[in-house]
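Peer 1: Dropping in work30.csv, which is CSV, C-alpha atoms:
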```
chain,number,residue,atom,x,y,z
A,1116,LYS,CA,12.8,10.5,20.5
A,1117,ASN,CA,12.1,11.2,16.8
A,1118,GLU,CA,11.5,7.9,15.1
A,1119,VAL,CA,12.9,9.1,11.8
A,1120,GLU,CA,16.3,10.8,11.6
A,1121,GLN,CA,17.7,12.4,8.5
A,1122,SER,CA,21.1,13.7,7.7
A,1123,PRO,CA,22.4,16.1,6.8
A,1124,GLN,CA,19.9,18.8,7.9
A,1125,ASN,CA,21.3,21.2,5.3
A,1126,LEU,CA,23.2,20.5,2.1
A,1127,THR,CA,24.7,22.8,-0.5
A,1128,ALA,CA,26.0,21.4,-3.7
A,1129,GLN,CA,27.4,22.6,-7.0
A,1130,GLU,CA,25.5,21.8,-10.1
A,1131,GLY,CA,26.4,18.4,-11.5
A,1132,GLU,CA,27.4,16.9,-8.1
A,1133,PHE,CA,26.2,13.5,-6.9
A,1134,ILE,CA,24.1,14.0,-3.8
A,1135,THR,CA,23.2,11.6,-1.0
A,1136,ILE,CA,20.6,12.1,1.7
A,1137,ASN,CA,20.3,9.5,4.5
A,1138,CYS,CA,17.4,8.4,6.6
A,1139,SER,CA,17.4,6.1,9.6
A,1140,TYR,CA,14.4,4.8,11.5
A,1141,SER,CA,14.1,3.0,14.8
A,1142,VAL,CA,11.0,0.9,14.5
A,1143,GLY,CA,9.4,-1.5,12.0
A,1144,ILE,CA,7.9,-0.2,8.8
A,1145,SER,CA,5.5,-1.4,6.1
A,1146,ALA,CA,7.1,1.1,3.7
A,1147,LEU,CA,9.5,4.0,3.5
A,1148,HIS,CA,8.6,7.1,1.6
A,1149,TRP,CA,10.7,9.9,0.1
A,1150,LEU,CA,9.0,13.2,-0.6
A,1151,GLN,CA,10.0,16.5,-2.0
A,1152,GLN,CA,8.6,19.8,-0.6
A,1153,HIS,CA,9.0,22.8,-2.8
A,1154,PRO,CA,9.7,26.4,-1.5
A,1155,GLY,CA,6.0,27.2,-2.0
A,1156,GLY,CA,5.1,24.4,0.4
A,1157,GLY,CA,3.6,21.7,-1.9
A,1158,ILE,CA,4.6,18.1,-1.2
A,1159,VAL,CA,5.3,15.6,-4.0
A,1160,SER,CA,5.8,11.9,-3.4
A,1161,LEU,CA,9.1,10.6,-5.0
A,1162,PHE,CA,9.3,7.0,-3.9
A,1163,MET,CA,7.6,4.4,-1.8
A,1164,LEU,CA,10.0,1.5,-0.9
A,1165,SER,CA,9.7,-1.7,1.1
A,1166,SER,CA,12.9,-3.3,-0.2
A,1167,GLY,CA,15.8,-2.9,-2.5
A,1168,LYS,CA,16.1,0.0,-4.9
A,1169,LYS,CA,14.0,2.2,-7.1
A,1170,LYS,CA,15.1,4.6,-9.8
A,1171,HIS,CA,13.2,7.5,-11.5
A,1172,GLY,CA,15.2,9.7,-13.8
A,1173,ARG,CA,18.1,11.1,-11.9
A,1174,LEU,CA,16.7,10.0,-8.6
A,1175,ILE,CA,17.6,6.7,-6.9
A,1176,ALA,CA,16.3,5.4,-3.6
A,1177,THR,CA,17.6,2.4,-1.7
A,1178,ILE,CA,16.6,0.8,1.5
A,1179,ASN,CA,18.3,-1.7,3.9
A,1180,ILE,CA,15.6,-3.2,6.0
A,1181,GLN,CA,18.0,-5.0,8.4
A,1182,GLU,CA,19.9,-1.8,9.1
A,1183,LYS,CA,16.7,0.3,9.2
A,1184,HIS,CA,18.4,2.8,6.8
A,1185,SER,CA,17.5,4.4,3.5
A,1186,SER,CA,19.3,6.7,1.1
A,1187,LEU,CA,18.1,9.1,-1.6
A,1188,HIS,CA,20.6,9.8,-4.3
A,1189,ILE,CA,20.5,12.6,-7.0
A,1190,THR,CA,22.8,12.2,-9.9
A,1191,ALA,CA,24.0,15.2,-12.0
A,1192,SER,CA,22.2,17.7,-9.6
A,1193,HIS,CA,20.6,20.8,-11.0
A,1194,PRO,CA,19.5,24.1,-9.4
A,1195,ARG,CA,15.9,23.0,-10.0
A,1196,ASP,CA,16.5,20.1,-7.5
A,1197,SER,CA,16.7,22.7,-4.7
A,1198,ALA,CA,14.0,21.8,-2.2
A,1199,VAL,CA,13.4,20.0,1.1
A,1200,TYR,CA,13.6,16.3,0.9
A,1201,ILE,CA,11.7,14.4,3.5
A,1202,CYS,CA,11.9,10.8,4.5
A,1203,ALA,CA,8.8,9.2,6.2
A,1204,ARG,CA,8.1,5.8,7.5
A,1205,GLU,CA,4.8,4.1,7.0
A,1206,TYR,CA,3.3,1.9,9.7
A,1207,GLY,CA,-0.3,1.0,9.7
A,1208,ASN,CA,-2.3,3.8,8.2
A,1209,LYS,CA,0.0,6.8,8.8
A,1210,LEU,CA,3.3,8.4,7.9
A,1211,VAL,CA,5.8,9.5,10.5
A,1212,PHE,CA,8.0,12.2,9.0
A,1213,GLY,CA,11.6,13.2,9.4
A,1214,ALA,CA,12.6,16.8,9.8
A,1215,GLY,CA,13.7,17.1,6.2
A,1216,THR,CA,17.0,17.9,4.4
A,1217,ILE,CA,17.2,21.4,2.9
A,1218,LEU,CA,19.1,21.0,-0.4
A,1219,ARG,CA,20.4,23.9,-2.3
A,1220,VAL,CA,22.1,23.3,-5.7
A,1221,LYS,CA,24.2,26.3,-6.9
A,1222,SER,CA,24.8,26.9,-10.6
B,141,GLU,CA,-3.1,14.0,-14.4
B,142,PRO,CA,-5.5,13.7,-11.5
B,143,GLU,CA,-4.7,15.7,-8.4
B,144,VAL,CA,-5.8,16.4,-4.9
B,145,THR,CA,-7.4,19.9,-4.5
B,146,GLN,CA,-7.9,21.9,-1.3
B,147,THR,CA,-9.9,24.9,-0.5
B,148,PRO,CA,-9.4,27.6,0.7
B,149,SER,CA,-5.7,28.1,0.1
B,150,HIS,CA,-5.5,30.5,3.0
B,151,GLN,CA,-8.0,30.9,5.9
B,152,VAL,CA,-7.7,33.5,8.6
B,153,THR,CA,-9.9,33.1,11.6
B,154,GLN,CA,-10.3,34.4,15.2
B,155,MET,CA,-9.5,32.2,18.2
B,156,GLY,CA,-12.5,30.2,19.3
B,157,GLN,CA,-14.1,30.2,15.9
B,158,GLU,CA,-14.9,27.0,14.0
B,159,VAL,CA,-13.2,26.3,10.6
B,160,ILE,CA,-13.8,23.7,8.0
B,161,LEU,CA,-11.0,22.8,5.6
B,162,ARG,CA,-12.1,21.1,2.4
B,163,CYS,CA,-10.3,18.6,0.2
B,164,VAL,CA,-11.3,16.8,-3.0
B,165,PRO,CA,-9.2,13.6,-3.1
B,166,ILE,CA,-8.4,11.7,-6.4
B,167,SER,CA,-11.6,10.0,-7.4
B,168,ASN,CA,-10.6,6.3,-7.3
B,169,HIS,CA,-8.6,6.5,-4.1
B,170,LEU,CA,-9.9,4.8,-1.0
B,171,TYR,CA,-7.6,6.2,1.8
B,172,PHE,CA,-7.7,9.8,2.9
B,173,TYR,CA,-5.4,11.6,5.3
B,174,TRP,CA,-4.9,15.0,7.0
B,175,TYR,CA,-1.5,16.2,8.0
B,176,ARG,CA,-0.4,19.5,9.4
B,177,GLN,CA,2.9,21.5,9.4
B,178,ILE,CA,3.5,24.2,11.8
B,179,LEU,CA,5.8,26.9,10.3
B,180,GLY,CA,9.4,25.7,10.5
B,181,GLN,CA,8.6,22.3,11.8
B,182,LYS,CA,8.1,18.8,10.4
B,183,VAL,CA,5.0,17.5,8.9
B,184,GLU,CA,2.7,15.7,11.4
B,185,PHE,CA,0.1,13.0,10.9
B,186,LEU,CA,-3.4,13.9,12.1
B,187,VAL,CA,-5.8,11.3,10.9
B,188,SER,CA,-6.5,8.6,8.3
B,189,PHE,CA,-9.9,7.7,7.0
B,190,TYR,CA,-11.0,4.6,5.1
B,191,ASN,CA,-14.4,3.0,4.4
B,192,ASN,CA,-16.2,6.0,5.9
B,193,GLU,CA,-14.5,5.8,9.3
B,194,ILE,CA,-11.4,6.9,11.0
B,195,SER,CA,-8.8,4.2,10.8
B,196,GLU,CA,-6.0,5.9,12.8
B,197,LYS,CA,-5.5,9.2,14.6
B,198,SER,CA,-2.7,10.9,16.4
B,199,GLU,CA,-2.7,12.4,19.9
B,200,ILE,CA,-3.0,15.8,18.2
B,201,PHE,CA,-6.4,14.8,16.8
B,202,ASP,CA,-8.4,15.5,20.0
B,203,ASP,CA,-12.1,16.2,20.5
B,204,GLN,CA,-11.7,19.6,18.8
B,205,PHE,CA,-11.1,17.9,15.5
B,206,SER,CA,-13.4,15.9,13.3
B,207,VAL,CA,-13.4,14.6,9.7
B,208,GLU,CA,-16.2,13.8,7.4
B,209,ARG,CA,-16.8,12.6,3.9
B,210,PRO,CA,-20.2,14.3,3.3
B,211,ASP,CA,-20.6,13.1,-0.3
B,212,GLY,CA,-18.7,11.0,-2.8
B,213,SER,CA,-16.1,13.6,-3.5
B,214,ASN,CA,-15.3,15.9,-0.6
B,215,PHE,CA,-13.3,15.2,2.6
B,216,THR,CA,-13.4,17.8,5.3
B,217,LEU,CA,-11.5,18.6,8.5
B,218,LYS,CA,-13.3,20.6,11.1
B,219,ILE,CA,-11.7,22.4,14.0
B,220,ARG,CA,-14.5,23.3,16.4
B,221,SER,CA,-12.9,26.0,18.5
B,222,THR,CA,-9.6,27.2,17.1
B,223,LYS,CA,-6.6,28.0,19.2
B,224,LEU,CA,-3.5,30.1,18.3
B,225,GLU,CA,-1.5,26.9,18.2
B,226,ASP,CA,-3.7,25.5,15.4
B,227,SER,CA,-2.0,28.0,13.0
B,228,ALA,CA,-0.3,25.8,10.5
B,229,MET,CA,-0.4,24.5,6.9
B,230,TYR,CA,-2.9,21.6,6.6
B,231,PHE,CA,-2.4,19.1,3.9
B,232,CYS,CA,-4.9,16.6,2.7
B,233,ALA,CA,-3.6,13.4,0.9
B,234,SER,CA,-5.2,10.4,-0.7
B,235,SER,CA,-4.0,7.0,-1.9
B,236,ALA,CA,-5.1,3.8,-3.5
B,237,VAL,CA,-4.5,0.6,-1.6
B,238,ALA,CA,-0.8,0.1,-0.8
B,239,TYR,CA,0.3,2.9,-3.1
B,240,GLU,CA,2.0,6.3,-2.6
B,241,GLN,CA,0.1,9.2,-1.2
B,242,TYR,CA,-0.8,12.1,-3.3
B,243,PHE,CA,-0.8,15.5,-1.5
B,244,GLY,CA,-2.9,18.5,-2.0
B,245,PRO,CA,-1.4,22.0,-2.2
B,246,GLY,CA,-2.3,22.7,1.4
B,247,THR,CA,-4.5,25.3,3.3
B,248,ARG,CA,-2.6,27.8,5.4
B,249,LEU,CA,-4.7,28.4,8.6
B,250,THR,CA,-3.9,31.6,10.5
B,251,VAL,CA,-5.6,31.9,13.9
B,252,THR,CA,-5.5,35.4,15.4
```
Could you spell out this file's structure in structure tokens?

Peer 2:
Amino acid sequence: KNEVEQSPQNLTAQEGEFITINCSYSVGISALHWLQQHPGGGIVSLFMLSSGKKKHGRLIATINIQEKHSSLHITASHPRDSAVYICAREYGNKLVFGAGTILRVKS
Amino acid sequence: EPEVTQTPSHQVTQMGQEVILRCVPISNHLYFYWYRQILGQKVEFLVSFYNNEISEKSEIFDDQFSVERPDGSNFTLKIRSTKLEDSAMYFCASSAVAYEQYFGPGTRLTVT
């Protein structure tokens, strides 16, 4: 059983839409990471969360430790946001990755 | 802005050959990691390294794999005898204590 589940697997949005990607995990964590993988393959860390909420520009990440659930929100989406968004749980000295959500934002 | 670098960007090798993938982590980081991503699949943890020793490894990281920090800057992943199923993108990452991980651009390994 995959310890990190993401939904949806694929998401197509119109430019300007508010986007939500969800992540659930089944075991304890020390932190929850959101990462972005570009079409060329490069991986960029967006957020590292252990509680509450973080905001960076148009991106917002929230986590509910009791429900073992996190969400990534993108406000006023733009075609340049098109990428794979990956949730990963951190436990000990490693990350366990979800399968990713493929986001396409159309202009 | 400091970044993690990896060389080569693409390595093609024959089955059974040894390969060494190289990484230069961010200079003041203390934790180092290797991950791999088989085409079309999710990213998988291989190994973490701290204070000149392996701190955690996955079941993928068997006796065919080894890591080394031969000097103060490089961090290498060696695969002793490559198999077809080792073909993947290999990512190096580094982090300071309790901070986000910074990923390198990856090395695409193709085993023929």

Peer 1: List the neighbours of Ser1192 (chain A) out to 10 Å using all atoms listed in the file; skip same-chain residues closer than 3 positions along the sequence, and give me the result as a list of chain:residue names.

Peer 2: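 The residues satisfying every condition are A:Ala1128, A:Gln1129, A:Glu1130, A:Gly1131, A:Glu1132, A:Phe1133, A:Ile1134, A:Arg1173, A:Leu1174, A:His1188, A:Ile1189, A:Arg1195, A:Asp1196, A:Ser1197, A:Arg1219, A:Val1220, A:Lys1221, A:Ser1222.
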
Peer 1: With a distance cut-off of 10 Å and all atoms listed in the file, select the neighbouring residues of Gly1207 (chain A), excluding the residue or stretch itself and same-chain residues fewer than 6 positions from it, and output the selection as a list in words.

Peer 2: Ile1144, Ser1145 and Ala1146 of chain A; Ser188, Ser195 and Glu196 of chain B

Peer 1: With distances taken over only C-alpha atoms, which of A:Lys1209, A:His1153, A:His1193, A:Lys1168 is nearest to chain B?

Peer 2: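 Between A:Lys1209, A:His1153, A:His1193, A:Lys1168, the residue approaching chain B most closely is A:Lys1209.
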
Peer 1: Given the choices A:Leu1147, A:Gly1167, A:Val1142, A:Leu1126, which gets closest to chain B if the distance is worked out from all atoms listed in the file?

Peer 2: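 For chain B, the nearest of the given residues is A:Leu1147.
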
Peer 1: Pull the closest atom pair for each residue of chain B that gets at most 8 Å from chain A, along with the distance in Å to one decimal, counting only C-alpha atoms, ordering rows by chain and then ascending residue number, as JSON lines.

Peer 2:
```
{"residue": "B:Gln181", "atom": "CA", "partner": "A:Ala1214", "partner_atom": "CA", "distance": 7.1}
{"residue": "B:Lys182", "atom": "CA", "partner": "A:Ala1214", "partner_atom": "CA", "distance": 5.0}
{"residue": "B:Val183", "atom": "CA", "partner": "A:Phe1212", "partner_atom": "CA", "distance": 6.1}
{"residue": "B:Glu184", "atom": "CA", "partner": "A:Phe1212", "partner_atom": "CA", "distance": 6.8}
{"residue": "B:Phe185", "atom": "CA", "partner": "A:Leu1210", "partner_atom": "CA", "distance": 6.4}
{"residue": "B:Val187", "atom": "CA", "partner": "A:Lys1209", "partner_atom": "CA", "distance": 7.6}
{"residue": "B:Ser188", "atom": "CA", "partner": "A:Asn1208", "partner_atom": "CA", "distance": 6.4}
{"residue": "B:Ser195", "atom": "CA", "partner": "A:Asn1208", "partner_atom": "CA", "distance": 7.0}
{"residue": "B:Glu196", "atom": "CA", "partner": "A:Asn1208", "partner_atom": "CA", "distance": 6.3}
{"residue": "B:Tyr239", "atom": "CA", "partner": "A:Met1163", "partner_atom": "CA", "distance": 7.6}
{"residue": "B:Glu240", "atom": "CA", "partner": "A:Met1163", "partner_atom": "CA", "distance": 6.0}
{"residue": "B:Gln241", "atom": "CA", "partner": "A:Ser1160", "partner_atom": "CA", "distance": 6.7}
{"residue": "B:Tyr242", "atom": "CA", "partner": "A:Ser1160", "partner_atom": "CA", "distance": 6.6}
{"residue": "B:Phe243", "atom": "CA", "partner": "A:Ile1158", "partner_atom": "CA", "distance": 6.0}
{"residue": "B:Gly244", "atom": "CA", "partner": "A:Gly1157", "partner_atom": "CA", "distance": 7.2}
{"residue": "B:Pro245", "atom": "CA", "partner": "A:Gly1157", "partner_atom": "CA", "distance": 5.0}
{"residue": "B:Gly246", "atom": "CA", "partner": "A:Gly1157", "partner_atom": "CA", "distance": 6.8}
```

Peer 1: Kindly export the residues of the current selection with C-alpha atoms, as an mmCIF file, keeping the file's coordinate frame.

Peer 2:
```cif
data_model
loop_
_atom_site.group_PDB
_atom_site.id
_atom_site.type_symbol
_atom_site.label_atom_id
_atom_site.label_comp_id
_atom_site.auth_asym_id
_atom_site.auth_seq_id
_atom_site.Cartn_x
_atom_site.Cartn_y
_atom_site.Cartn_z
ATOM 1 C CA GLN B 181 8.600 22.300 11.800
ATOM 2 C CA LYS B 182 8.100 18.800 10.400
ATOM 3 C CA VAL B 183 5.000 17.500 8.900
ATOM 4 C CA GLU B 184 2.700 15.700 11.400
ATOM 5 C CA PHE B 185 0.100 13.000 10.900
ATOM 6 C CA VAL B 187 -5.800 11.300 10.900
ATOM 7 C CA SER B 188 -6.500 8.600 8.300
ATOM 8 C CA SER B 195 -8.800 4.200 10.800
ATOM 9 C CA GLU B 196 -6.000 5.900 12.800
ATOM 10 C CA TYR B 239 0.300 2.900 -3.100
ATOM 11 C CA GLU B 240 2.000 6.300 -2.600
ATOM 12 C CA GLN B 241 0.100 9.200 -1.200
ATOM 13 C CA TYR B 242 -0.800 12.100 -3.300
ATOM 14 C CA PHE B 243 -0.800 15.500 -1.500
ATOM 15 C CA GLY B 244 -2.900 18.500 -2.000
ATOM 16 C CA PRO B 245 -1.400 22.000 -2.200
ATOM 17 C CA GLY B 246 -2.300 22.700 1.400
#
```

Peer 1: Taking only C-alpha atoms into account, name the residue in B:Gln151, B:Gln146, B:Asn192, B:Gln157 that is nearest to Ile219 (chain B).

Peer 2: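 Closest residue, counting only C-alpha atoms: B:Gln157.
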
Peer 1: Pick the closest to Asn168 (chain B) from B:Ser235, B:Ser227, B:Glu193, B:Lys218: which is it, counting all atoms listed in the file?

Peer 2: B:Ser235

Peer 1: Ile166 (chain B): which residues within 9 Å, counting all atoms listed in the file, same-chain residues fewer than 2 positions away excluded, as JSON, numbers by chain?

Peer 2: {"B": [142, 143, 144, 145, 164, 168, 169, 170, 213, 233, 234, 235, 242]}

Peer 1: Which residue, B:Thr216, B:Tyr190, B:Leu179, B:Thr222, has the smallest gap to Asp203 (chain B) when you use all atoms listed in the file?

Peer 2: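 The answer is B:Thr222, which sits nearest to Asp203 (chain B).
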
Peer 1: In Å, rounded to a single decimal, give me how far CA of Ile1217 (chain A) is from CA of Pro1154 (chain A).

Peer 2: 10.0 Å

Peer 1: Hey, can you check how far CA of Lys1170 (chain A) sits from CA of Leu1187 (chain A)?

Peer 2: 9.8 Å

Peer 1: Nearest to Ile160 (chain B) among B:Arg220, B:Arg176, B:Arg209, B:Lys197, with distances taken over all atoms listed in the file: which residue is it?

Peer 2: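 Closest to Ile160 (chain B), using all atoms listed in the file: B:Arg220.
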
Peer 1: Pull the neighbourhood of (11.5, -0.3, 10.0) for me: all residues within 9 Å in file coordinates, counting all atoms listed in the file, as a ChimeraX atom specification.

Peer 2: /A:1139-1147,1180-1184,1204-1206

Peer 1: Please, what distance in Å, to one decimal, runs between CA of Asp211 (chain B) and CA of Phe172 (chain B)?

Peer 2: 13.7 Å

Peer 1: May I have the protein, DNA and RNA residues with any atom at most 10 Å from the point (22.5, 18.1, 6.0), counting only C-alpha atoms, written as a list in words?

Peer 2: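 Here the neighbourhood of the point contains Gln1121, Ser1122, Pro1123, Gln1124, Asn1125, Leu1126, Thr1127, Thr1135, Ile1136, Asn1137, Gly1215, Thr1216, Ile1217 and Leu1218 of chain A.
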